[in-house]
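Here is the structure we will look at.
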Amino acid sequence: MSITSQQTARASASRATGGPPRTGRGRVRRLTKRDRIVLSVMVGIPTLIQLVFVWLPTVMSIGLSFTRWNGLDLNDIKAAGTDNYQFIAQDYPPFWPAMQHNLLWLVFLALVATPLGLLLAVLLDQNIRGSKIYQSIFFAPVMLSLALVGIIWQLFYQRDNGLLNFLLGTAGTPQAVDWFGDSSVNIWAAMVAATWRHAGYVMLLYLAGLKGVDPSLREAASIDGANAFQTFFSVVFPALRPVNIVIVVITIIESLRAFDVVYVINRGTNGLELLSALVIQNLVGEGQVIGVGSALAVVLLFISLVPIVFYLSRTFGKENKA
Amino acid sequence: MPASIDPFARPDRRTILKSLAIGAAGVAGIPLLAACTGGTGPGGGPAASSGLTFGSSASDEVPKNAYKAVTDAFEKKTGKKVATNVVPHNDFQNKINSYLQGSPDDTFTWFAGYRMQFYAGKGLLAPIDDVWEKIGGNYSDALKKASTGPDGKMYFVPNYNYPWGFFYRKSLWAEKGYEVPATFDALKTLSAKMKSDGLIPIGFADKDGWPAMGTFDYINMRLNGYQFHVDLCAHKESWDQKKVSDVFDTWKALLPFQDPGALGQTWQDAAKSLGSKKTGMYLLGSFVTQQFTDPAVLADIDFFPFPEIAVEGRDAVEAPIDGLLLSKKGGQNQAARDFMAFMGTAEAQNAYASVDASNIPTAKGADLSKFTPLNKKTADVIANAKHISQFFDRDALPAMANNVMIPALQSFIKDGTIDVKNLEAQAKALYAAQ
């Protein structure tokens, strides 16, 4: 609820109870000069930050996506119409595989990683011994740095002396699975690694949600004779609805932002193309093609807007009604 | 039900807002990346008249100390101070655009080839013809050509280079009776023999994407000549022509002999299997020897140039040159010009090579007496070459090398197919953006 509507509500309340009469200028001034300064600073600074760091770059990116530019002199910027978009759709071979991989990533996170996180949360919510330790262990991957994640999964996936091939008994033989190099399996290997991080994140959010579920609900369910499954799926899970919406949005956003794991494997080439990796490839470093990179970023931005708008309209739409 | 939701609506909303903030920050990051990729870049102080600033991407221990030996020698000789800014080499390369436009150091380490000519053409470098008048005699024609900008002026002072070729273990070859192939057909015969002996004939690694360019470059130069390589890299020649598809057709005959695990390993991994005699030979730059820490193995490594295929025999050698450039700002600093001239002498290059002996000094008169027989051999190959190419990612537009060639070559390695029409379409779009 916004500040102004609260004020008017309070103002009308005080009028009804015979509060101080209106001043001559026709508006009730309840904020002192200092209050107003404090408020405008508090609202102004975040707005400014938002403008400078979010909206300005966004608008610039959209603008640049319709140009050709080598990134050197501003005079070198040339209008290119929709050439960059045509280029990525028709001539840029990694683009469509990247779209498919992002979609696959989303499906995998939604069907495997997120349910796994929920399962972990439910299990750890049972007051089992050492619950805190397990929580920390499962959440640890979320906090690890990029380089460390790379090293850890390298140990699992190496072709000649990695753990997985060792367990399969194929290490050192020609049948050894090349988890990173074989473009038909490496996306799955990467998604498993991503699940490892995502599940911990989801677990934490659900744990927080589960802590907030009124225990009397469960009591009531068990008095009514519901078993554990019924209690969870018919009573607790629906009560988690606000968290569920967040999780859905996070899962979608994570699948669009998916980047770190493929980047440490091979910078998102050879079967691991993802939109975010292509954006980086085209915008950062010597291989910079600003027009094409911006066009890719804009595509990613618009895809990301869909779940965000959906989410915002769900949350704020509901609040306005309440 | 609604009544029971109320008590815990608060913490939930907080969670929501928090995660929204996280999500929004993430999404906000995307356009941010698009519009400000530069960052500040490697910093550089203002030029002092009594000295100069030197931006160095030699961040690894050995080359860092090697450049320190050079600057120390210069300071001792002239009494002018050199302030060195060392930047990790990946950062240095990634930020070169903003570095050169911001406040670059007077001189800085860089590469010959298109990568130098591009910035020279944009007017971000200072020409150094006066320096070359002093040091010109120290260099071969091939090196002089490699140091020339698009306008015919001199821009670059070579320090060292390292050749690409086939490396192998002498003891393994002696044991099996293999002989150095002089022609491409002999190479194929040898490879077939190695395969039947249970070896991986040709070591190969392309997880990082760039090493495969070496094979492409050599087959291209041996089939179509050095000039075609240069023109193709500069996109003066079309990719959509028979000469280019011939390169891939020729390569296809070699593919079955190259390590099938190439896409999953780095050049260090492939070097390891050469060291352990699982691989018969390995086409790479001479930096491969850095991986052989056992002196016995290192002494057992030998080298031969890429065999001839059609034209020009083995006249061209792929030997990327590293050296120094003078920034536009540094052009006004005489001390910086003096330092450039110093780098072009045998004295400075000896100082460098005394610390970092894995590369070949480029100036005539540099002391090779302490070199290993292998280094002398590679130095000989370079000295006798009529043309020195710079490797695809240095001779071509970086975007062409990184964004187009890496995925194209990786898919070629995977299934032996290549779409030269698409390569040309991409090249057209990317070169037009420059």
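Order determines the names: the first chain of the structure tokens is A, the second B, and so forth; residues in each chain are numbered 1 upward, and ligands are numbered 1 upward as they are shown.
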For region 96-100 of chain A, please output as a PyMOL selection string all residues within 7 Å (counting only C-alpha atoms; exclusion window: fewer than 3 positions along the same chain). chain A and resi 93+103-104+273-275
Set the distance at 9 Å and use only C-alpha atoms: which residues neighbour region 307-318 of chain B once local chain neighbours fewer than 4 positions away are removed? I'd like the list as an MDAnalysis selection string. chainID B and resid 162:165 181:187 214 217:219 221:226 285 381:382 384:391
Within 7 Å of chain B: residues of chain A, using only C-alpha atoms, as a PDB file with C-alpha atoms, in the first residue's frame:
```pdb
ATOM      1  CA  PHE A  53      21.747   1.760 -13.303  1.00  0.00           C
ATOM      2  CA  VAL A  54      18.684   0.023 -14.673  1.00  0.00           C
ATOM      3  CA  PRO A  57      21.413   1.035 -19.635  1.00  0.00           C
ATOM      4  CA  THR A  58      18.268  -0.781 -20.708  1.00  0.00           C
ATOM      5  CA  MET A  60      20.812   2.335 -24.288  1.00  0.00           C
ATOM      6  CA  SER A  61      20.979  -1.388 -24.992  1.00  0.00           C
ATOM      7  CA  ARG A  68      26.549  -1.135 -35.769  1.00  0.00           C
ATOM      8  CA  TRP A  69      29.367  -0.036 -33.529  1.00  0.00           C
ATOM      9  CA  ASN A  70      32.937  -1.152 -32.880  1.00  0.00           C
ATOM     10  CA  LEU A  72      35.611   2.768 -29.966  1.00  0.00           C
ATOM     11  CA  ASP A  91      22.994 -16.258 -39.751  1.00  0.00           C
ATOM     12  CA  TYR A  92      24.125 -16.837 -36.202  1.00  0.00           C
ATOM     13  CA  ASP A 178      33.297 -37.408 -22.215  1.00  0.00           C
ATOM     14  CA  PHE A 180      32.053 -32.062 -20.991  1.00  0.00           C
ATOM     15  CA  GLY A 181      33.180 -32.656 -24.571  1.00  0.00           C
ATOM     16  CA  ASP A 182      30.383 -34.789 -25.982  1.00  0.00           C
ATOM     17  CA  GLY A 209       7.684 -20.668   4.125  1.00  0.00           C
ATOM     18  CA  GLY A 212       5.361 -19.751   8.750  1.00  0.00           C
ATOM     19  CA  VAL A 213       2.608 -22.330   8.316  1.00  0.00           C
ATOM     20  CA  PRO A 242       2.730 -17.012  -1.820  1.00  0.00           C
ATOM     21  CA  VAL A 243       6.036 -18.866  -1.665  1.00  0.00           C
ATOM     22  CA  VAL A 246       7.985 -16.712  -5.859  1.00  0.00           C
ATOM     23  CA  ILE A 250      12.692 -17.647  -9.528  1.00  0.00           C
ATOM     24  CA  ILE A 253      14.422 -16.322 -14.056  1.00  0.00           C
ATOM     25  CA  ASN A 266      33.607 -24.252 -21.993  1.00  0.00           C
ATOM     26  CA  THR A 269      30.082 -23.459 -26.835  1.00  0.00           C
ATOM     27  CA  ASN A 270      29.821 -26.954 -28.311  1.00  0.00           C
ATOM     28  CA  GLN A 281      30.508 -13.637 -25.764  1.00  0.00           C
ATOM     29  CA  LEU A 283      29.586  -7.937 -25.482  1.00  0.00           C
ATOM     30  CA  VAL A 284      32.630  -8.571 -23.342  1.00  0.00           C
ATOM     31  CA  GLY A 285      36.184  -8.745 -24.461  1.00  0.00           C
ATOM     32  CA  GLU A 286      37.969  -8.336 -27.725  1.00  0.00           C
ATOM     33  CA  GLY A 287      35.352 -10.262 -29.689  1.00  0.00           C
ATOM     34  CA  GLN A 288      32.925  -7.454 -28.946  1.00  0.00           C
ATOM     35  CA  VAL A 289      30.136  -6.912 -31.493  1.00  0.00           C
ATOM     36  CA  GLY A 293      25.313  -8.486 -28.370  1.00  0.00           C
ATOM     37  CA  SER A 294      22.748  -5.787 -27.555  1.00  0.00           C
ATOM     38  CA  ALA A 297      20.428  -8.890 -24.620  1.00  0.00           C
TER      39      ALA A 297
END
```
Extract, using only C-alpha atoms, all DNA, RNA and protein residues at most 9 Å from Leu217 (chain A), discarding same-chain residues fewer than 5 positions from it, and format them as a ChimeraX atom specification. /A:222,231,235-236 /B:4
Write a file of the selected residues as a PDB file, in the first residue's frame, keeping C-alpha atoms.
```
ATOM      1  CA  SER A 222      -4.550 -34.835  11.720  1.00  0.00           C
ATOM      2  CA  THR A 231      -1.851 -33.128   5.080  1.00  0.00           C
ATOM      3  CA  VAL A 235      -3.350 -28.357   3.580  1.00  0.00           C
ATOM      4  CA  VAL A 236       0.267 -27.254   3.848  1.00  0.00           C
TER       5      VAL A 236
ATOM      6  CA  SER B   4      -5.816 -18.355   9.118  1.00  0.00           C
TER       7      SER B   4
END
```
Please list as an NGL selection string every residue within 8 Å of region 302-309 of chain A, counting only C-alpha atoms and excluding residues in the same chain fewer than 4 positions away. (:A and (249 or 252-253 or 256 or 298 or 313)) or (:B and (27))
Keeping N, CA and C atoms, export the residues of the selection given above as a PDB file, in the first residue's frame.
```pdb
ATOM      1  N   VAL A 249       8.558 -17.959 -10.232  1.00  0.00           N
ATOM      2  CA  VAL A 249       9.244 -16.855 -10.895  1.00  0.00           C
ATOM      3  C   VAL A 249      10.760 -17.045 -10.839  1.00  0.00           C
ATOM      4  N   ILE A 252      11.936 -19.629 -13.310  1.00  0.00           N
ATOM      5  CA  ILE A 252      11.969 -19.120 -14.679  1.00  0.00           C
ATOM      6  C   ILE A 252      13.152 -18.178 -14.873  1.00  0.00           C
ATOM      7  N   ILE A 253      13.327 -17.285 -13.920  1.00  0.00           N
ATOM      8  CA  ILE A 253      14.422 -16.322 -14.056  1.00  0.00           C
ATOM      9  C   ILE A 253      15.775 -17.031 -14.029  1.00  0.00           C
ATOM     10  N   LEU A 256      16.614 -18.478 -17.266  1.00  0.00           N
ATOM     11  CA  LEU A 256      16.997 -17.489 -18.271  1.00  0.00           C
ATOM     12  C   LEU A 256      18.383 -16.926 -17.983  1.00  0.00           C
ATOM     13  N   VAL A 298      18.564  -7.763 -25.670  1.00  0.00           N
ATOM     14  CA  VAL A 298      17.176  -7.288 -25.728  1.00  0.00           C
ATOM     15  C   VAL A 298      16.219  -8.474 -25.845  1.00  0.00           C
ATOM     16  N   SER A 313       1.829  -8.623 -11.635  1.00  0.00           N
ATOM     17  CA  SER A 313       0.384  -8.433 -11.714  1.00  0.00           C
ATOM     18  C   SER A 313      -0.310  -9.361 -10.718  1.00  0.00           C
TER      19      SER A 313
ATOM     20  N   VAL B  27      18.016  -9.601 -13.253  1.00  0.00           N
ATOM     21  CA  VAL B  27      17.557  -9.199 -14.569  1.00  0.00           C
ATOM     22  C   VAL B  27      18.164  -7.857 -14.956  1.00  0.00           C
TER      23      VAL B  27
END
```
Test item: residues at most 10 Å from Trp267 (chain B), only C-alpha atoms, excluding those fewer than 6 positions along its chain, as a PDB file with C-alpha atoms, in the first residue's frame:
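So the final result, stored in part-v7.pdb, reads:
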```pdb
ATOM      1  CA  GLY B 203      47.171 -34.985 -30.278  1.00  0.00           C
ATOM      2  CA  PHE B 204      44.300 -32.519 -30.402  1.00  0.00           C
ATOM      3  CA  ALA B 205      42.405 -30.399 -27.885  1.00  0.00           C
ATOM      4  CA  ASP B 206      39.692 -27.890 -28.605  1.00  0.00           C
ATOM      5  CA  LYS B 207      37.625 -27.436 -25.491  1.00  0.00           C
ATOM      6  CA  ASP B 208      38.831 -23.839 -25.378  1.00  0.00           C
ATOM      7  CA  TRP B 210      41.207 -21.712 -30.288  1.00  0.00           C
ATOM      8  CA  PRO B 211      43.773 -24.526 -30.697  1.00  0.00           C
ATOM      9  CA  TYR B 282      50.987 -32.975 -31.366  1.00  0.00           C
ATOM     10  CA  LEU B 284      50.719 -26.863 -31.136  1.00  0.00           C
ATOM     11  CA  VAL B 288      53.594 -26.924 -25.151  1.00  0.00           C
ATOM     12  CA  GLN B 291      53.931 -28.684 -19.585  1.00  0.00           C
TER      13      GLN B 291
END
```
As a compact mmCIF listing (two decimals) with C-alpha atoms, in the first residue's frame, please: the residues near Arg337 (chain B) (cut-off 12 Å, only C-alpha atoms, same-chain neighbours under 5 positions excluded).
```txt
# COMPACT_ATOMS: atom_id res chain seq x y z
CA SER B 49 58.87 13.57 -18.39
CA GLY B 51 60.29 8.43 -17.17
CA LEU B 52 57.49 6.43 -18.71
CA THR B 53 54.64 4.12 -17.83
CA PHE B 54 54.56 0.58 -19.15
CA LYS B 80 64.91 7.02 -16.69
CA ASP B 106 52.87 5.13 -22.69
CA THR B 107 53.92 1.72 -23.94
CA PHE B 108 52.19 -1.59 -23.51
CA ALA B 126 51.57 6.40 -32.23
CA PRO B 127 53.69 5.52 -35.29
CA ILE B 128 57.34 4.83 -34.49
CA ASP B 129 59.20 5.14 -37.80
CA ASP B 130 61.95 7.10 -35.98
CA VAL B 131 62.46 4.16 -33.63
CA TRP B 132 62.62 1.74 -36.53
CA GLU B 133 65.36 3.83 -38.16
CA LYS B 134 67.51 2.85 -35.20
CA ILE B 135 66.44 -0.77 -34.79
CA TYR B 155 53.93 0.66 -35.04
CA PHE B 156 55.23 -2.47 -33.36
CA VAL B 157 58.50 -3.59 -31.78
CA LEU B 324 55.40 -3.54 -27.55
CA LEU B 325 53.20 -0.76 -28.88
CA LEU B 326 53.29 2.96 -28.21
CA SER B 327 49.94 4.52 -27.30
CA LYS B 328 48.85 7.79 -28.87
CA LYS B 329 49.48 9.58 -25.60
CA GLY B 330 52.86 7.89 -25.16
CA GLY B 331 53.89 9.19 -28.57
CA GLN B 332 54.68 12.58 -27.01
CA PHE B 342 65.73 -0.42 -26.36
CA MET B 343 63.26 -3.35 -26.62
CA GLY B 344 64.33 -3.77 -30.23
```
Could you check how far CA of Ser354 (chain B) sits from CA of Ser286 (chain B), in Å to one decimal?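 Separating CA of Ser354 (chain B) from CA of Ser286 (chain B) is a distance of 17.6 Å.
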Looking at B:Leu374, B:Ala341, B:Phe412, B:Leu232, which one is nearest to Ala357 (chain B), with distances taken over only C-alpha atoms?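 Using only C-alpha atoms, Ala357 (chain B) sits closest to B:Leu374.
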Quote the spacing between CA of Ile265 (chain A) and CA of Thr195 (chain A) in Å to one decimal place.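 Distance between the two atoms: 15.4 Å.
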